[in-house]
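This is input02.tsv (TSV, C-alpha atoms).
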chain	number	residue	atom	x	y	z
A	1388	MET	CA	4.13	74.36	157.67
A	1389	ILE	CA	5.63	75.98	160.71
A	1390	GLY	CA	4.63	73.93	163.71
A	1391	VAL	CA	3.24	75.78	166.62
A	1392	GLY	CA	4.89	73.35	168.99
A	1393	LYS	CA	2.53	72.91	171.83
A	1394	ARG	CA	0.33	75.35	169.94
A	1395	LEU	CA	-0.13	78.62	171.63
A	1396	ALA	CA	0.47	78.47	175.33
A	1397	VAL	CA	-2.57	78.67	177.52
A	1398	ALA	CA	-3.46	82.31	177.85
A	1399	VAL	CA	-2.33	83.54	181.23
A	1400	VAL	CA	-3.45	87.11	180.93
A	1401	LEU	CA	-6.84	87.73	182.44
A	1402	VAL	CA	-9.45	89.16	180.12
A	1403	SER	CA	-11.46	90.43	183.04
A	1404	LEU	CA	-10.88	94.09	182.47
A	1405	ALA	CA	-12.35	93.85	179.01
A	1406	PHE	CA	-15.63	92.98	180.69
A	1407	GLY	CA	-15.85	96.13	182.75
A	1408	ALA	CA	-14.98	95.31	186.32
A	1409	SER	CA	-15.13	98.60	188.13
A	1410	ALA	CA	-12.67	100.12	190.55
A	1411	ASP	CA	-15.55	100.43	193.03
A	1412	SER	CA	-15.78	96.75	193.85
A	1413	GLY	CA	-18.54	96.90	196.45
A	1414	ALA	CA	-19.85	93.45	197.30
A	1415	ASN	CA	-19.60	92.11	193.74
A	1416	PRO	CA	-17.31	89.08	194.13
A	1417	PHE	CA	-16.11	89.25	190.52
A	1418	ALA	CA	-15.07	92.90	190.84
A	1419	VAL	CA	-13.40	92.18	194.20
A	1420	ALA	CA	-11.52	89.28	192.55
A	1421	VAL	CA	-10.30	91.48	189.70
A	1422	ASP	CA	-9.11	94.16	192.13
A	1423	ALA	CA	-7.40	91.55	194.31
A	1424	TYR	CA	-5.72	89.97	191.28
A	1425	GLU	CA	-4.42	93.34	190.08
A	1426	ALA	CA	-3.08	94.02	193.57
A	1427	GLY	CA	-1.26	90.68	193.58
A	1428	ASN	CA	-3.47	89.19	196.28
A	1429	TYR	CA	-3.98	85.88	194.49
A	1430	PRO	CA	-5.50	83.92	197.39
A	1431	LEU	CA	-8.27	86.54	197.79
A	1432	ALA	CA	-8.72	86.72	194.01
A	1433	ALA	CA	-9.11	82.95	193.81
A	1434	ARG	CA	-11.66	82.89	196.66
A	1435	LYS	CA	-13.73	85.66	195.07
A	1436	PHE	CA	-13.49	84.21	191.55
A	1437	ARG	CA	-14.70	80.91	193.04
A	1438	GLU	CA	-17.60	82.67	194.74
A	1439	ALA	CA	-18.67	84.26	191.45
A	1440	ALA	CA	-17.92	81.08	189.48
A	1441	GLU	CA	-20.16	79.02	191.73
A	1442	GLN	CA	-22.94	81.48	190.89
A	1443	GLY	CA	-22.46	80.66	187.20
A	1444	HIS	CA	-20.38	83.68	186.17
A	1445	ALA	CA	-18.57	82.46	183.02
A	1446	ASN	CA	-15.74	84.99	183.17
A	1447	ALA	CA	-15.10	84.10	186.81
A	1448	GLN	CA	-15.11	80.40	185.92
A	1449	TYR	CA	-12.58	81.07	183.17
A	1450	ASN	CA	-10.35	83.17	185.45
A	1451	LEU	CA	-10.48	80.58	188.20
A	1452	GLY	CA	-9.37	78.04	185.60
A	1453	ILE	CA	-6.46	80.34	184.73
A	1454	MET	CA	-5.49	80.54	188.39
A	1455	TYR	CA	-5.51	76.75	188.78
A	1456	ASP	CA	-3.65	76.38	185.51
A	1457	GLY	CA	-0.81	78.59	186.76
A	1458	GLY	CA	-1.04	77.87	190.49
A	1459	GLN	CA	-1.82	81.46	191.40
A	1460	GLY	CA	-3.40	81.65	194.86
A	1461	VAL	CA	-4.36	77.97	194.62
A	1462	PRO	CA	-2.38	74.76	194.18
A	1463	GLN	CA	-1.57	74.19	190.50
A	1464	SER	CA	-4.03	71.64	189.11
A	1465	TYR	CA	-4.82	70.98	185.47
A	1466	ALA	CA	-7.80	68.87	186.55
A	1467	GLU	CA	-9.29	71.85	188.42
A	1468	SER	CA	-8.48	74.23	185.58
A	1469	ILE	CA	-10.28	71.90	183.13
A	1470	LYS	CA	-13.30	71.80	185.43
A	1471	TRP	CA	-13.64	75.58	185.47
A	1472	TYR	CA	-12.71	76.10	181.81
A	1473	ARG	CA	-15.37	73.57	180.82
A	1474	LEU	CA	-18.10	75.35	182.78
A	1475	ALA	CA	-17.24	78.66	181.11
A	1476	ALA	CA	-16.75	77.05	177.68
A	1477	GLU	CA	-20.15	75.40	177.84
A	1478	GLN	CA	-21.62	78.88	178.32
A	1479	GLY	CA	-19.96	79.96	175.07
A	1480	PHE	CA	-17.00	81.82	176.59
A	1481	ALA	CA	-14.51	81.80	173.68
A	1482	SER	CA	-11.34	82.14	175.77
A	1483	ALA	CA	-12.34	79.11	177.82
A	1484	GLN	CA	-13.17	77.18	174.65
A	1485	PHE	CA	-9.71	77.99	173.30
A	1486	ASN	CA	-8.07	76.86	176.54
A	1487	MET	CA	-10.07	73.62	176.46
A	1488	GLY	CA	-8.63	73.05	172.99
A	1489	VAL	CA	-5.10	73.67	174.27
A	1490	MET	CA	-5.60	71.29	177.18
A	1491	TYR	CA	-6.85	68.46	174.94
A	1492	ASP	CA	-4.26	69.24	172.28
A	1493	ASN	CA	-1.42	68.87	174.79
A	1494	GLY	CA	-2.92	66.32	177.20
A	1495	LEU	CA	-2.95	68.67	180.18
A	1496	GLY	CA	-5.36	67.39	182.85
A	1497	VAL	CA	-7.05	65.20	180.25
A	1498	PRO	CA	-5.85	62.47	177.90
A	1499	GLN	CA	-4.49	64.00	174.70
A	1500	ASN	CA	-7.31	63.97	172.17
A	1501	TYR	CA	-6.89	65.87	168.92
A	1502	ALA	CA	-10.53	65.43	167.87
A	1503	GLU	CA	-11.69	66.98	171.14
A	1504	ALA	CA	-9.12	69.78	170.72
A	1505	VAL	CA	-10.52	70.48	167.24
A	1506	LYS	CA	-14.05	70.66	168.68
A	1507	TRP	CA	-13.07	73.33	171.19
A	1508	TYR	CA	-10.80	75.25	168.81
A	1509	ARG	CA	-13.62	75.37	166.28
A	1510	LEU	CA	-16.08	76.81	168.80
A	1511	ALA	CA	-13.63	79.57	169.73
A	1512	ALA	CA	-12.52	80.11	166.12
A	1513	GLU	CA	-16.11	80.61	165.00
A	1514	GLN	CA	-16.32	83.43	167.54
A	1515	GLY	CA	-13.30	85.10	165.96
A	1516	ARG	CA	-10.47	84.03	168.29
A	1517	SER	CA	-7.42	84.32	166.03
A	1518	ASP	CA	-5.33	81.95	168.17
A	1519	ALA	CA	-8.06	79.32	167.88
A	1520	GLN	CA	-8.27	79.94	164.12
A	1521	LEU	CA	-4.51	79.48	163.88
A	1522	ASN	CA	-4.55	76.24	165.85
A	1523	LEU	CA	-7.57	74.91	163.98
A	1524	GLY	CA	-5.83	75.66	160.69
A	1525	TYR	CA	-2.76	73.82	161.91
A	1526	MET	CA	-4.86	70.81	162.92
A	1527	TYR	CA	-6.34	70.65	159.42
A	1528	SER	CA	-2.97	71.14	157.74
A	1529	GLU	CA	-1.43	68.32	159.76
A	1530	GLY	CA	-4.48	66.05	159.87
A	1531	GLN	CA	-4.65	66.00	163.65
A	1532	GLY	CA	-8.15	65.18	164.87
A	1533	VAL	CA	-9.57	65.82	161.39
A	1534	PRO	CA	-8.82	64.51	157.92
A	1535	GLN	CA	-5.83	66.38	156.52
A	1536	ASN	CA	-7.00	69.26	154.34
A	1537	GLY	CA	-4.51	71.95	153.37
A	1538	VAL	CA	-7.20	74.15	151.82
A	1539	ILE	CA	-9.22	74.33	155.02
A	1540	GLY	CA	-6.01	74.83	157.00
A	1541	TYR	CA	-5.11	77.70	154.68
A	1542	VAL	CA	-8.55	79.29	155.11
A	1543	TRP	CA	-8.37	79.22	158.92
A	1544	ALA	CA	-4.79	80.55	158.90
A	1545	SER	CA	-5.89	83.32	156.53
A	1546	LEU	CA	-8.74	84.33	158.85
A	1547	ALA	CA	-6.34	84.53	161.79
A	1548	ALA	CA	-3.75	86.40	159.71
A	1549	ALA	CA	-6.39	88.95	158.70
A	1550	GLN	CA	-6.70	89.80	162.40
A	1551	GLY	CA	-2.99	90.52	162.64
A	1552	ASN	CA	-1.86	87.17	164.02
A	1553	GLU	CA	1.76	87.03	162.87
A	1554	MET	CA	2.25	83.30	163.35
A	1555	ALA	CA	-0.89	82.68	161.30
A	1556	ARG	CA	0.50	84.90	158.55
A	1557	GLU	CA	3.69	82.85	158.51
A	1558	ASN	CA	1.76	79.56	158.42
A	1559	ARG	CA	-0.54	80.87	155.70
A	1560	ASP	CA	2.39	82.03	153.57
A	1561	ILE	CA	4.07	78.64	153.86
A	1562	SER	CA	0.90	76.60	153.28
A	1563	VAL	CA	-0.08	78.57	150.18
A	1564	LYS	CA	3.08	77.27	148.52
A	1565	GLN	CA	1.87	73.71	149.11
A	1566	LEU	CA	-1.48	74.28	147.38
A	1567	THR	CA	-2.16	73.98	143.68
A	1568	PRO	CA	-3.68	76.85	141.68
A	1569	GLU	CA	-6.86	74.75	141.41
A	1570	GLN	CA	-7.06	74.41	145.18
A	1571	LEU	CA	-6.60	78.14	145.64
A	1572	ALA	CA	-9.30	78.94	143.09
A	1573	ARG	CA	-12.00	77.17	145.16

If you convert what's in this file into structure tokens, what do you get?
Amino acid sequence: MIGVGKRLAVAVVLVSLAFGASADSGANPFAVAVDAYEAGNYPLAARKFREAAEQGHANAQYNLGIMYDGGQGVPQSYAESIKWYRLAAEQGFASAQFNMGVMYDNGLGVPQNYAEAVKWYRLAAEQGRSDAQLNLGYMYSEGQGVPQNGVIGYVWASLAAAQGNEMARENRDISVKQLTPEQLAR
């Protein structure tokens, strides 16, 4: 099985634009934050993401977590990034759930806890996040946080590979060689 090292790095690219922030920002703090981020004004982006995040906006909570994670416009703080990721993740925001998995998997801002990483990866994987599917498959293949199960690891890697995730394809192709024909027939 090809190890994914520290698994996939925490996503640093904002997914904000996929959620339709408009060029005409008006008074919408989330839209102002997106515009400020794109312009490289990270302190303003962080302030406006915080404003929206404090109003319960999951995407803003996630993006504020990203900013704390990377120290963009705010002091770098894994503890603060966890706080904001968790708020978004608890609202079902898949990218935040994935990042929670990465943080627990690698012990960033929290004690390393593979079972907790699996919990968060699973939530994101069930929403179709291929990187979460890849990492969840790896956790099963290696028995980290779950009982080792190469078949389940293969299934998750296959789901991620079907979405075009190249690393998942590589892991799937290696893990299939470790399974018996009976295991594959299930």

Handout entry: Ala1445 (chain A) environment, 7 Å, all atoms listed in the file, sequence neighbours closer than 4 positions dropped, as a ChimeraX atom specification
Key = /A:1440,1449,1475,1478,1480

Deliver the residues from the most recent selection as a file, using C-alpha atoms, as a JSON list (two decimals), keeping the file's coordinate frame.
[["chain", "number", "residue", "atom", "x", "y", "z"],
["A", 1440, "ALA", "CA", -17.92, 81.08, 189.48],
["A", 1449, "TYR", "CA", -12.58, 81.07, 183.17],
["A", 1475, "ALA", "CA", -17.24, 78.66, 181.11],
["A", 1478, "GLN", "CA", -21.62, 78.88, 178.32],
["A", 1480, "PHE", "CA", -17.00, 81.82, 176.59]]

Exercise for the section: Please provide the set of residues having any atom within 9 Å of Tyr1429 (chain A), restricted to all atoms listed in the file, with same-chain residues fewer than 4 positions apart removed, written as JSON, numbers by chain. Expected result: {"A": [1420, 1423, 1424, 1425, 1433, 1434, 1454, 1459, 1460, 1461]}

Exercise for the section: Check the smallest atom-to-atom distance from each of A:Ala1512, A:Ile1469, A:Ala1414, A:Leu1546 to Glu1438 (chain A) using only C-alpha atoms, then report the winner. Expected result: A:Ala1414

Problem - Spatial neighbours of Gly1488 (chain A), 7 Å, all atoms listed in the file, chain gap at least 2 places, as a list in words - result: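 My list of contacting residues is Gln1484, Phe1485, Asn1486, Met1490, Tyr1491, Asp1492, Ala1504, Val1505, Trp1507 and Tyr1508 of chain A.
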
Exercise for the section: Using only C-alpha atoms, give me every residue within 7 Å of (-9.6, 77.4, 185.0) in file coordinates, as a PyMOL selection string. Expected result: chain A and resi 1448-1456+1467-1472

Handout entry: Close residues, Ser1528 (chain A) itself excluded, 7 Å, all atoms listed in the file, min 3 positions apart in chain, as number ranges by chain
Key = A: 1524-1525, 1535-1537, 1540

Could those selected residues go to a file with C-alpha atoms, as a compact mmCIF listing (two decimals), keeping the file's coordinate frame?
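Generated output (selection.txt):
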# COMPACT_ATOMS: atom_id res chain seq x y z
CA GLY A 1524 -5.83 75.66 160.69
CA TYR A 1525 -2.76 73.82 161.91
CA GLN A 1535 -5.83 66.38 156.52
CA ASN A 1536 -7.00 69.26 154.34
CA GLY A 1537 -4.51 71.95 153.37
CA GLY A 1540 -6.01 74.83 157.00

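Across the model, the gap from CA of Arg1573 (chain A) to CA of Ala1481 (chain A) is 29.0 Å.
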
Exercise for the section: Can you work out which one of A:Ala1502, A:Ala1432, A:Ala1439, A:Ala1511 has the shortest atom-to-atom distance to Gly1532 (chain A), counting only C-alpha atoms? Expected result: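 Counting only C-alpha atoms, the residue closest to Gly1532 (chain A) is A:Ala1502.
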
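Taking CA of Gly1551 (chain A) as the reference point, CA of Arg1516 (chain A) is found at 11.4 Å.
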
Practice task
Quick one: residues within 7 Å of (-5.5, 81.6, 158.1) (file frame), counting all atoms listed in the file, please, as number ranges by chain.
Solution key: A: 1520-1521, 1524, 1540-1548, 1555-1556, 1559
